[in-house]
$ cat start_8.cif   # mmCIF, C-alpha atoms
data_protein
loop_
_atom_site.label_atom_id
_atom_site.label_comp_id
_atom_site.auth_asym_id
_atom_site.auth_seq_id
_atom_site.Cartn_x
_atom_site.Cartn_y
_atom_site.Cartn_z
CA MET A 1 78.13 67.30 18.85
CA PRO A 2 78.49 64.50 21.46
CA LEU A 3 77.66 61.25 19.63
CA SER A 4 79.30 58.87 22.10
CA GLY A 5 79.73 58.77 25.86
CA LYS A 6 77.20 59.75 28.52
CA ASN A 7 75.71 62.62 26.49
CA SER A 8 75.29 60.69 23.24
CA LYS A 9 71.48 60.90 23.41
CA ILE A 10 71.72 64.72 23.29
CA GLY A 11 74.07 64.51 20.31
CA GLU A 12 71.83 62.04 18.50
CA SER A 13 68.85 64.35 19.03
CA LEU A 14 70.83 67.35 17.74
CA LEU A 15 71.80 65.33 14.66
CA LYS A 16 68.25 64.14 13.98
CA ALA A 17 66.94 67.72 14.34
CA SER A 18 69.62 68.95 11.90
CA GLN A 19 68.62 66.32 9.33
CA LEU A 20 64.92 67.03 9.86
CA SER A 21 65.47 70.75 9.26
CA LEU A 22 67.58 70.11 6.17
CA ASN A 23 64.94 67.76 4.72
CA LYS A 24 62.23 70.34 5.41
CA THR A 25 64.12 73.10 3.56
CA LYS A 26 64.61 70.81 0.53
CA ASN A 27 67.88 72.68 0.04
CA LYS A 28 70.20 70.49 -2.06
CA ASN A 29 73.13 72.91 -1.73
CA ILE A 30 73.86 72.27 1.94
CA LYS A 31 76.13 69.46 3.05
CA LEU A 32 76.64 68.42 6.67
CA PHE A 33 79.98 67.16 8.01
CA ILE A 34 79.51 65.50 11.40
CA LYS A 35 82.14 65.23 14.14
CA ASP A 36 81.81 63.51 17.52
CA THR A 37 83.24 65.77 20.22
CA GLU A 38 83.46 62.88 22.71
CA ASN A 39 85.39 60.45 20.49
CA ILE A 40 88.05 59.08 22.86
CA ASN A 41 90.32 58.22 19.93
CA LYS A 42 90.41 61.72 18.49
CA ASN A 43 91.37 65.12 19.86
CA ILE A 44 88.63 67.72 19.31
CA ILE A 45 91.19 70.12 17.81
CA SER A 46 92.06 67.47 15.19
CA SER A 47 88.34 67.14 14.39
CA TYR A 48 88.11 70.91 14.05
CA TYR A 49 91.01 71.07 11.55
CA GLU A 50 89.49 68.21 9.56
CA LEU A 51 86.40 70.38 9.10
CA ILE A 52 88.52 73.37 8.12
CA ASN A 53 90.31 71.19 5.53
CA GLU A 54 86.91 70.25 4.09
CA GLY A 55 86.42 73.97 3.40
CA VAL A 56 83.31 74.34 5.55
CA ASP A 57 81.57 77.73 5.58
CA ILE A 58 80.29 77.53 9.15
CA ILE A 59 80.59 75.27 12.20
CA LEU A 60 77.63 74.46 14.46
CA GLY A 61 78.61 73.36 17.97
CA PRO A 62 80.19 72.28 20.19
CA LEU A 63 77.73 71.95 23.05
CA PHE A 64 79.94 72.01 26.15
CA SER A 65 82.03 74.93 27.39
CA LYS A 66 85.16 72.79 27.91
CA ASN A 67 85.23 72.02 24.17
CA ILE A 68 84.36 75.55 23.09
CA GLU A 69 87.24 76.93 25.15
CA LEU A 70 89.67 74.65 23.30
CA ILE A 71 88.46 75.66 19.84
CA LYS A 72 87.60 79.34 20.34
CA PRO A 73 91.13 80.80 19.94
CA ILE A 74 91.74 78.66 16.84
CA ALA A 75 88.39 79.71 15.35
CA LEU A 76 89.46 83.34 15.70
CA ASP A 77 92.64 82.65 13.69
CA GLU A 78 90.87 80.58 11.05
CA GLU A 79 88.11 83.19 10.62
CA VAL A 80 85.42 80.52 10.33
CA ILE A 81 82.14 81.40 12.06
CA MET A 82 81.18 79.02 14.85
CA ILE A 83 77.67 78.99 16.36
CA THR A 84 77.76 76.86 19.48
CA PHE A 85 74.82 75.15 21.20
CA SER A 86 75.85 76.76 24.49
CA ASN A 87 73.98 79.31 26.63
CA ASN A 88 77.12 80.34 28.51
CA THR A 89 77.76 84.02 27.71
CA ASP A 90 81.41 83.60 28.79
CA MET A 91 81.94 81.56 25.61
CA LYS A 92 80.97 84.30 23.15
CA SER A 93 83.38 86.24 20.96
CA LYS A 94 83.35 88.05 17.59
CA SER A 95 83.60 84.77 15.68
CA THR A 96 82.08 82.38 18.23
CA PHE A 97 78.34 82.73 18.85
CA ILE A 98 76.14 81.13 21.48
CA SER A 99 72.63 80.00 20.55
CA GLY A 100 71.07 78.69 23.79
CA LEU A 101 68.51 80.48 25.94
CA THR A 102 70.73 82.42 28.33
CA PRO A 103 70.07 83.18 32.02
CA GLU A 104 70.74 86.83 31.15
CA ASN A 105 67.95 86.83 28.57
CA GLU A 106 65.51 85.18 30.98
CA ILE A 107 66.30 87.44 33.94
CA LYS A 108 66.06 90.61 31.87
CA GLU A 109 62.64 89.68 30.48
CA VAL A 110 60.99 88.60 33.72
CA LEU A 111 62.41 91.32 35.99
CA LYS A 112 61.34 94.08 33.61
CA TYR A 113 57.84 92.60 33.51
CA ALA A 114 57.61 92.40 37.32
CA ILE A 115 58.85 95.97 37.76
CA ALA A 116 56.40 97.26 35.14
CA ASN A 117 53.65 95.70 37.27
CA ASP A 118 54.79 97.43 40.50
CA GLN A 119 56.56 94.34 41.89
CA ASP A 120 59.80 96.26 42.22
CA LYS A 121 61.31 95.30 45.60
CA PHE A 122 63.21 92.03 45.36
CA GLY A 123 64.47 89.29 47.58
CA VAL A 124 66.85 87.07 45.59
CA ILE A 125 67.99 83.47 46.15
CA LEU A 126 70.83 82.13 43.98
CA PRO A 127 73.36 79.28 44.04
CA ASN A 128 76.85 80.33 45.08
CA ASN A 129 78.57 79.29 41.84
CA GLN A 130 79.46 80.70 38.42
CA TYR A 131 75.82 80.72 37.28
CA GLY A 132 74.69 82.37 40.52
CA ASN A 133 77.36 85.04 40.41
CA ARG A 134 76.59 85.87 36.77
CA SER A 135 72.91 86.13 37.69
CA LYS A 136 73.66 88.27 40.75
CA ASN A 137 75.65 90.83 38.76
CA LEU A 138 72.97 91.05 36.09
CA ILE A 139 70.12 91.40 38.60
CA LYS A 140 71.92 94.25 40.39
CA LYS A 141 72.52 96.01 37.05
CA LEU A 142 68.96 95.53 35.77
CA LEU A 143 67.33 96.69 39.00
CA LEU A 144 69.49 99.80 39.03
CA GLU A 145 68.61 100.59 35.40
CA ASN A 146 64.86 99.98 35.86
CA GLN A 147 64.23 101.65 39.25
CA GLY A 148 63.90 98.33 41.05
CA GLN A 149 65.38 97.58 44.48
CA LEU A 150 67.45 94.65 45.69
CA ILE A 151 66.30 94.30 49.30
CA LYS A 152 67.95 91.03 50.25
CA LEU A 153 70.26 88.54 48.53
CA VAL A 154 71.01 85.03 49.80
CA LEU A 155 73.51 82.69 48.12
CA TYR A 156 73.42 78.97 48.89
CA ASP A 157 75.90 76.12 48.53
CA SER A 158 74.86 74.49 45.24
CA GLU A 159 76.48 71.17 46.19
CA ASN A 160 75.16 70.85 49.74
CA PRO A 161 72.36 73.41 50.26
CA ASP A 162 70.62 74.09 53.57
CA PHE A 163 67.32 75.52 52.35
CA TYR A 164 65.90 75.90 55.87
CA LYS A 165 68.76 78.29 56.62
CA VAL A 166 68.25 80.05 53.27
CA ALA A 167 64.52 80.55 53.96
CA LYS A 168 65.20 81.92 57.44
CA LEU A 169 67.78 84.37 56.10
CA ILE A 170 65.72 85.69 53.19
CA ALA A 171 62.68 86.12 55.44
CA ASN A 172 64.63 87.64 58.35
CA TYR A 173 62.65 85.00 60.23
CA ASP A 174 64.51 84.83 63.54
CA GLN A 175 64.32 88.60 64.09
CA ARG A 176 60.65 88.79 63.09
CA LYS A 177 59.85 85.86 65.40
CA LEU A 178 61.67 87.61 68.25
CA ASP A 179 59.77 90.83 67.50
CA LEU A 180 56.50 88.91 67.78
CA GLU A 181 57.46 87.40 71.14
CA LYS A 182 58.37 90.85 72.49
CA LYS A 183 55.12 92.33 71.22
CA LEU A 184 53.06 89.56 72.81
CA ASP A 185 54.84 90.13 76.15
CA GLU A 186 54.11 93.88 75.93
CA LEU A 187 50.43 93.29 75.18
CA LYS A 188 50.12 90.81 78.07
CA LYS A 189 51.53 93.35 80.52
CA LEU A 190 49.17 96.13 79.35
CA ASN A 191 46.15 94.13 80.52
CA THR A 192 43.56 96.24 78.62
CA LEU A 193 40.66 95.21 76.38
CA GLU A 194 42.42 96.65 73.30
CA ALA A 195 45.69 94.90 74.19
CA ASP A 196 43.83 91.63 74.80
CA LYS A 197 42.14 91.94 71.39
CA ASN A 198 45.51 92.54 69.66
CA TYR A 199 47.08 89.68 71.60
CA LYS A 200 44.45 87.26 70.30
CA LEU A 201 45.05 88.48 66.74
CA LEU A 202 48.81 88.00 66.97
CA LYS A 203 49.21 84.86 69.06
CA ASN A 204 48.57 82.48 66.16
CA LYS A 205 51.13 84.18 63.92
CA ASP A 206 54.74 83.03 63.56
CA THR A 207 56.33 86.44 63.01
CA LEU A 208 55.62 90.13 63.33
CA GLY A 209 55.73 92.65 60.49
CA ASN A 210 55.77 92.37 56.74
CA LEU A 211 58.68 91.46 54.51
CA ASN A 212 60.58 94.36 52.97
CA PHE A 213 60.25 92.88 49.47
CA ASN A 214 57.17 92.21 47.34
CA SER A 215 58.86 89.86 44.84
CA ILE A 216 61.27 86.97 45.28
CA TYR A 217 63.49 85.77 42.43
CA ILE A 218 64.59 82.14 42.85
CA GLY A 219 67.40 81.23 40.45
CA ALA A 220 67.49 77.49 41.14
CA GLU A 221 69.40 75.42 38.58
CA ASN A 222 67.48 72.17 39.00
CA ILE A 223 63.91 71.17 39.73
CA LYS A 224 64.77 69.40 43.00
CA HIS A 225 66.23 72.59 44.52
CA LEU A 226 63.29 74.64 43.26
CA SER A 227 60.77 72.19 44.72
CA MET A 228 62.49 72.21 48.12
CA LEU A 229 62.65 76.00 48.26
CA ALA A 230 59.03 76.39 47.16
CA SER A 231 57.84 74.08 49.94
CA ILE A 232 60.05 75.57 52.68
CA LEU A 233 59.74 79.33 52.05
CA PRO A 234 56.02 79.66 53.01
CA TYR A 235 56.77 77.83 56.27
CA TYR A 236 59.06 80.73 57.14
CA ASP A 237 56.46 83.35 56.30
CA VAL A 238 57.39 84.13 52.70
CA ASP A 239 53.71 84.03 51.83
CA PRO A 240 52.98 83.52 48.09
CA LYS A 241 49.70 85.40 48.61
CA GLU A 242 51.69 88.50 49.53
CA VAL A 243 54.95 88.01 47.62
CA LEU A 244 55.26 87.38 43.87
CA TYR A 245 57.44 84.33 43.21
CA VAL A 246 59.60 84.91 40.11
CA GLY A 247 61.81 82.39 38.33
CA ASN A 248 63.33 81.03 35.15
CA SER A 249 62.19 78.67 32.37
CA LEU A 250 62.90 75.67 34.63
CA TRP A 251 59.53 76.50 36.23
CA SER A 252 57.65 75.12 33.22
CA HIS A 253 58.46 71.63 34.56
CA ASN A 254 55.43 69.57 35.66
CA ILE A 255 56.80 69.27 39.21
CA ALA A 256 56.93 73.07 39.55
CA LEU A 257 53.35 73.39 38.30
CA LYS A 258 52.16 71.19 41.18
CA GLU A 259 53.90 73.17 43.95
CA PRO A 260 51.20 75.08 45.90
CA ALA A 261 53.59 77.95 46.71
CA LEU A 262 54.23 78.54 43.00
CA GLU A 263 50.57 79.21 42.23
CA LYS A 264 50.50 82.65 40.52
CA ALA A 265 54.30 82.59 40.13
CA ILE A 266 55.72 84.04 36.90
CA PHE A 267 58.63 83.06 34.68
CA PRO A 268 59.90 83.59 31.10
CA ASN A 269 60.03 81.00 28.36
CA ILE A 270 60.12 80.56 24.61
CA ASN A 271 57.02 80.59 22.38
CA GLN A 272 55.37 77.27 23.28
CA ALA A 273 53.18 76.92 20.19
CA LYS A 274 56.12 77.06 17.77
CA TYR A 275 58.20 74.71 19.91
CA GLU A 276 55.32 72.19 20.13
CA ASN A 277 55.09 72.20 16.33
CA PHE A 278 58.77 71.21 16.21
CA VAL A 279 58.20 68.43 18.78
CA ILE A 280 55.27 66.99 16.78
CA GLU A 281 57.27 67.10 13.54
CA TYR A 282 60.24 65.40 15.25
CA GLN A 283 58.07 62.69 16.83
CA ASN A 284 56.30 61.99 13.56
CA ASN A 285 59.67 61.33 11.92
CA PHE A 286 61.58 59.56 14.69
CA THR A 287 58.80 58.22 17.02
CA ILE A 288 60.61 59.60 20.09
CA LYS A 289 60.62 62.97 21.83
CA PRO A 290 63.46 65.36 20.99
CA HIS A 291 65.90 66.62 23.59
CA LYS A 292 64.92 70.23 24.25
CA ILE A 293 68.28 71.56 23.10
CA SER A 294 67.92 69.87 19.68
CA SER A 295 65.58 72.66 18.55
CA LEU A 296 68.68 74.89 18.40
CA ALA A 297 70.18 72.75 15.64
CA TYR A 298 66.84 72.70 13.82
CA ASP A 299 66.68 76.52 13.85
CA LEU A 300 70.32 77.05 12.87
CA ILE A 301 70.08 74.78 9.83
CA GLY A 302 66.93 76.71 8.87
CA LEU A 303 68.75 80.03 9.25
CA ILE A 304 71.68 78.90 7.09
CA SER A 305 69.31 77.53 4.46
CA SER A 306 67.37 80.80 4.30
CA LEU A 307 70.61 82.77 3.78
CA GLN A 308 71.73 80.35 1.09
CA LYS A 309 68.39 80.44 -0.74
CA ASN A 310 68.47 84.25 -0.76
CA ASN A 311 72.01 84.18 -2.20
CA GLU A 312 73.38 85.79 0.96
CA ASP A 313 76.86 84.92 2.17
CA ILE A 314 77.30 83.07 5.43
CA SER A 315 78.95 86.08 7.00
CA ILE A 316 78.89 87.80 10.39
CA THR A 317 77.06 90.74 8.77
CA ASN A 318 74.21 88.53 7.55
CA ILE A 319 74.05 86.33 10.64
CA THR A 320 73.79 89.44 12.85
CA ASN A 321 70.86 90.86 10.88
CA LYS A 322 69.11 93.32 13.24
CA SER A 323 65.65 92.05 12.25
CA GLY A 324 66.55 88.59 13.49
CA PHE A 325 65.06 85.25 12.51
CA ILE A 326 62.01 83.18 13.44
CA GLY A 327 62.56 79.59 14.50
CA SER A 328 60.97 76.84 16.58
CA ASN A 329 61.89 78.85 19.69
CA GLY A 330 60.41 82.08 18.36
CA LEU A 331 62.19 85.29 17.38
CA PHE A 332 65.96 85.49 17.90
CA ARG A 333 68.96 87.43 16.69
CA PHE A 334 72.71 87.27 17.07
CA ASN A 335 74.77 90.27 18.14
CA GLU A 336 78.22 91.17 16.87
CA ASP A 337 79.81 90.29 20.23
CA GLY A 338 78.66 86.65 19.82
CA SER A 339 75.65 86.91 22.18
CA ILE A 340 72.06 86.03 21.34
CA GLU A 341 68.77 87.78 22.08
CA ARG A 342 65.52 85.86 22.23
CA SER A 343 62.03 87.32 22.42
CA LEU A 344 60.36 85.54 25.32
CA SER A 345 56.83 85.18 26.64
CA ILE A 346 55.94 85.57 30.32
CA PHE A 347 53.94 82.72 31.84
CA GLN A 348 52.02 82.43 35.09
CA ILE A 349 51.18 79.22 36.94
CA LYS A 350 47.41 79.03 37.48
CA ASN A 351 45.60 75.93 38.74
CA GLN A 352 48.66 73.78 37.95
CA LYS A 353 48.67 74.96 34.33
CA LEU A 354 50.57 77.57 32.36
CA LYS A 355 48.91 80.81 31.32
CA GLU A 356 50.71 83.12 28.89
CA ILE A 357 50.29 86.60 30.41
CA LYS A 358 52.64 88.44 28.03
CA LYS A 359 53.27 87.28 24.50
CA ALA A 360 56.76 87.32 23.03
CA ASN A 361 57.39 90.21 20.66
CA LEU A 362 57.17 89.41 16.95
CA LYS A 363 59.71 92.12 16.06
CA PHE A 364 62.80 93.54 17.72
CA ASN A 365 62.72 97.23 18.61
#
$ encode --input "start_8.cif" --output "structure tokens"
Amino acid sequence: MPLSGKNSKIGESLLKASQLSLNKTKNKNIKLFIKDTENINKNIISSYYELINEGVDIILGPLFSKNIELIKPIALDEEVIMITFSNNTDMKSKSTFISGLTPENEIKEVLKYAIANDQDKFGVILPNNQYGNRSKNLIKKLLLENQGQLIKLVLYDSENPDFYKVAKLIANYDQRKLDLEKKLDELKKLNTLEADKNYKLLKNKDTLGNLNFNSIYIGAENIKHLSMLASILPYYDVDPKEVLYVGNSLWSHNIALKEPALEKAIFPNINQAKYENFVIEYQNNFTIKPHKISSLAYDLIGLISSLQKNNEDISITNITNKSGFIGSNGLFRFNEDGSIERSLSIFQIKNQKLKEIKKANLKFN
């Protein structure tokens, strides 16, 4: 974990959560060996071999993909299980697991819910980067498998986005505005009572015709981008009263809750009650709030302790138990390919608050 450098606060929170979990289990048979991945005086590969020489049974971490990529091929040779704190599915392998909440997990859960509720025609906005391209491929696959339709896809420059252009493109705004102008001209020329009535109905509109999609998935990576999109899209006639706004767990942020366009929007997230219990326990012990990612360390120490107490080996077979495990983030299980599945709830924003409209499953099918 990163215990020095710019991400040291994340590492410190991961470490505190690990110690908290270990103290809670009262398991005297577990020993933690801690290595700082950002130590400028030590190569991360050297740190890894030091752990191997200690005869460790399992390695938790690293957090960042750059470090995982360095260790992953060595971990395969050493045959020591590594559960990283990453949510990047590109990092997984048969001996290297990821434990974070993945975009794939989130997208699958929320799209299936929308489709099941007849919101099956999608406009999609994504950043034009690795995350966006992974999301795009998954969305196309999921919609195909679940009888949904991808009506329009717009990718934006994640470094220098023009969200006015994005909104116009997704809404086909220029064409619909032109259609309205043509229609108004036609009605003017007809010069009949019916035409005059229709003219008065249309003249205060910005565009003509409805959108071809009834849901819009916005895969923004940060709250600033989400906030900008949410405020601009309605201006270009992507009306949240007519289109279901769909997103990711980022939307639980207080700023998102206050965006008028996101009223009635839906998104997936972990079980909040269990996570809040972890936060309270952490604060009671350390008087500060935990970093959100630290709950992963808390759950993984708990998992290892439960295996050890039940006299089960720390093996891939036992870690990939099909029934899964319950932690501070709810139900989860590891797959043999190194991926993770999490059972998620679906939330809706109502009156600037979160309403759980579908509870996370308590068992895997």
$ closest_residue --input "start_8.cif" --among "A:Asn128, A:Lys35, A:Gly209, A:Lys112" --to "A:Leu15" --atoms "all atoms listed in the file"
A:Lys35
$ closest_atom_pairs --input "start_8.cif" --of "stretch 109-221 of chain A" --to "stretch 266-290 of chain A" --cutoff "12 Å" --atoms "only C-alpha atoms" --output "CSV"
residue,atom,partner,partner_atom,distance
A:Glu109,CA,A:Pro268,CA,6.7
A:Val110,CA,A:Pro268,CA,5.8
A:Leu111,CA,A:Phe267,CA,9.2
A:Lys112,CA,A:Pro268,CA,10.9
A:Tyr113,CA,A:Ile266,CA,9.4
A:Ala114,CA,A:Ile266,CA,8.6
A:Asn117,CA,A:Ile266,CA,11.8
A:Gln119,CA,A:Ile266,CA,11.5
A:Ser215,CA,A:Ile266,CA,10.3
A:Ile216,CA,A:Ile266,CA,10.5
A:Tyr217,CA,A:Phe267,CA,9.5
A:Ile218,CA,A:Phe267,CA,10.2
A:Gly219,CA,A:Phe267,CA,10.7
$ residues_around --input "start_8.cif" --residues "stretch 67-80 of chain A" --least-positions-apart "2" --cutoff "12 Å" --atoms "all atoms listed in the file" --output "ChimeraX atom specification"
/A:1-2,36-38,43-49,51-53,55-65,82-98,314-316,338
$ write_last_selection --input "start_8.cif" --atoms "C-alpha atoms" --output "CSV table (one decimal), in the frame of the given file"
chain,number,residue,atom,x,y,z
A,1,MET,CA,78.1,67.3,18.8
A,2,PRO,CA,78.5,64.5,21.5
A,36,ASP,CA,81.8,63.5,17.5
A,37,THR,CA,83.2,65.8,20.2
A,38,GLU,CA,83.5,62.9,22.7
A,43,ASN,CA,91.4,65.1,19.9
A,44,ILE,CA,88.6,67.7,19.3
A,45,ILE,CA,91.2,70.1,17.8
A,46,SER,CA,92.1,67.5,15.2
A,47,SER,CA,88.3,67.1,14.4
A,48,TYR,CA,88.1,70.9,14.0
A,49,TYR,CA,91.0,71.1,11.6
A,51,LEU,CA,86.4,70.4,9.1
A,52,ILE,CA,88.5,73.4,8.1
A,53,ASN,CA,90.3,71.2,5.5
A,55,GLY,CA,86.4,74.0,3.4
A,56,VAL,CA,83.3,74.3,5.6
A,57,ASP,CA,81.6,77.7,5.6
A,58,ILE,CA,80.3,77.5,9.2
A,59,ILE,CA,80.6,75.3,12.2
A,60,LEU,CA,77.6,74.5,14.5
A,61,GLY,CA,78.6,73.4,18.0
A,62,PRO,CA,80.2,72.3,20.2
A,63,LEU,CA,77.7,72.0,23.0
A,64,PHE,CA,79.9,72.0,26.2
A,65,SER,CA,82.0,74.9,27.4
A,82,MET,CA,81.2,79.0,14.8
A,83,ILE,CA,77.7,79.0,16.4
A,84,THR,CA,77.8,76.9,19.5
A,85,PHE,CA,74.8,75.2,21.2
A,86,SER,CA,75.8,76.8,24.5
A,87,ASN,CA,74.0,79.3,26.6
A,88,ASN,CA,77.1,80.3,28.5
A,89,THR,CA,77.8,84.0,27.7
A,90,ASP,CA,81.4,83.6,28.8
A,91,MET,CA,81.9,81.6,25.6
A,92,LYS,CA,81.0,84.3,23.2
A,93,SER,CA,83.4,86.2,21.0
A,94,LYS,CA,83.4,88.0,17.6
A,95,SER,CA,83.6,84.8,15.7
A,96,THR,CA,82.1,82.4,18.2
A,97,PHE,CA,78.3,82.7,18.8
A,98,ILE,CA,76.1,81.1,21.5
A,314,ILE,CA,77.3,83.1,5.4
A,315,SER,CA,79.0,86.1,7.0
A,316,ILE,CA,78.9,87.8,10.4
A,338,GLY,CA,78.7,86.6,19.8
$ residues_near_point --input "start_8.cif" --point "(48.8, 92.4, 52.2)" --cutoff "10 Å" --atoms "all atoms listed in the file" --output "PyMOL selection string"
chain A and resi 210+214+239+241-243
$ resolve_selection --input "start_8.cif" --expression "the PyMOL selection byres ((chain A and resi 308) around 12)" --output "PDB file with C-alpha atoms, in the coordinates of the input"
ATOM      1  CA  THR A  25      64.120  73.100   3.560  1.00  0.00           C
ATOM      2  CA  LYS A  26      64.610  70.810   0.530  1.00  0.00           C
ATOM      3  CA  ASN A  27      67.880  72.680   0.040  1.00  0.00           C
ATOM      4  CA  LYS A  28      70.200  70.490  -2.060  1.00  0.00           C
ATOM      5  CA  ASN A  29      73.130  72.910  -1.730  1.00  0.00           C
ATOM      6  CA  ILE A  30      73.860  72.270   1.940  1.00  0.00           C
ATOM      7  CA  LYS A  31      76.130  69.460   3.050  1.00  0.00           C
ATOM      8  CA  ASP A  57      81.570  77.730   5.580  1.00  0.00           C
ATOM      9  CA  ILE A 301      70.080  74.780   9.830  1.00  0.00           C
ATOM     10  CA  GLY A 302      66.930  76.710   8.870  1.00  0.00           C
ATOM     11  CA  LEU A 303      68.750  80.030   9.250  1.00  0.00           C
ATOM     12  CA  ILE A 304      71.680  78.900   7.090  1.00  0.00           C
ATOM     13  CA  SER A 305      69.310  77.530   4.460  1.00  0.00           C
ATOM     14  CA  SER A 306      67.370  80.800   4.300  1.00  0.00           C
ATOM     15  CA  LEU A 307      70.610  82.770   3.780  1.00  0.00           C
ATOM     16  CA  LYS A 309      68.390  80.440  -0.740  1.00  0.00           C
ATOM     17  CA  ASN A 310      68.470  84.250  -0.760  1.00  0.00           C
ATOM     18  CA  ASN A 311      72.010  84.180  -2.200  1.00  0.00           C
ATOM     19  CA  GLU A 312      73.380  85.790   0.960  1.00  0.00           C
ATOM     20  CA  ASP A 313      76.860  84.920   2.170  1.00  0.00           C
ATOM     21  CA  ILE A 314      77.300  83.070   5.430  1.00  0.00           C
ATOM     22  CA  SER A 315      78.950  86.080   7.000  1.00  0.00           C
ATOM     23  CA  ASN A 318      74.210  88.530   7.550  1.00  0.00           C
ATOM     24  CA  ILE A 319      74.050  86.330  10.640  1.00  0.00           C
TER      25      ILE A 319
END
$ resolve_selection --input "start_8.cif" --expression "the PyMOL selection byres ((chain A and resi 259-262) around 12)" --output "PyMOL selection string"
chain A and resi 216-218+223-224+226-235+237-247+251-258+263-267+347-354
$ atom_distance --input "start_8.cif" --atom1 "atom CA of A:Phe332" --atom2 "atom CA of A:Glu221"
23.3 Å
$ resolve_selection --input "start_8.cif" --expression "the PyMOL selection byres ((chain A and resi 124) around 9)" --output "mmCIF file with C-alpha atoms, in the coordinates of the input"
data_model
loop_
_atom_site.group_PDB
_atom_site.id
_atom_site.type_symbol
_atom_site.label_atom_id
_atom_site.label_comp_id
_atom_site.auth_asym_id
_atom_site.auth_seq_id
_atom_site.Cartn_x
_atom_site.Cartn_y
_atom_site.Cartn_z
ATOM 1 C CA PHE A 122 63.210 92.030 45.360
ATOM 2 C CA GLY A 123 64.470 89.290 47.580
ATOM 3 C CA ILE A 125 67.990 83.470 46.150
ATOM 4 C CA LEU A 126 70.830 82.130 43.980
ATOM 5 C CA LYS A 136 73.660 88.270 40.750
ATOM 6 C CA ILE A 139 70.120 91.400 38.600
ATOM 7 C CA LEU A 150 67.450 94.650 45.690
ATOM 8 C CA ILE A 151 66.300 94.300 49.300
ATOM 9 C CA LYS A 152 67.950 91.030 50.250
ATOM 10 C CA LEU A 153 70.260 88.540 48.530
ATOM 11 C CA VAL A 154 71.010 85.030 49.800
ATOM 12 C CA LEU A 155 73.510 82.690 48.120
ATOM 13 C CA ILE A 170 65.720 85.690 53.190
ATOM 14 C CA SER A 215 58.860 89.860 44.840
ATOM 15 C CA ILE A 216 61.270 86.970 45.280
ATOM 16 C CA TYR A 217 63.490 85.770 42.430
ATOM 17 C CA ILE A 218 64.590 82.140 42.850
ATOM 18 C CA GLY A 219 67.400 81.230 40.450
#
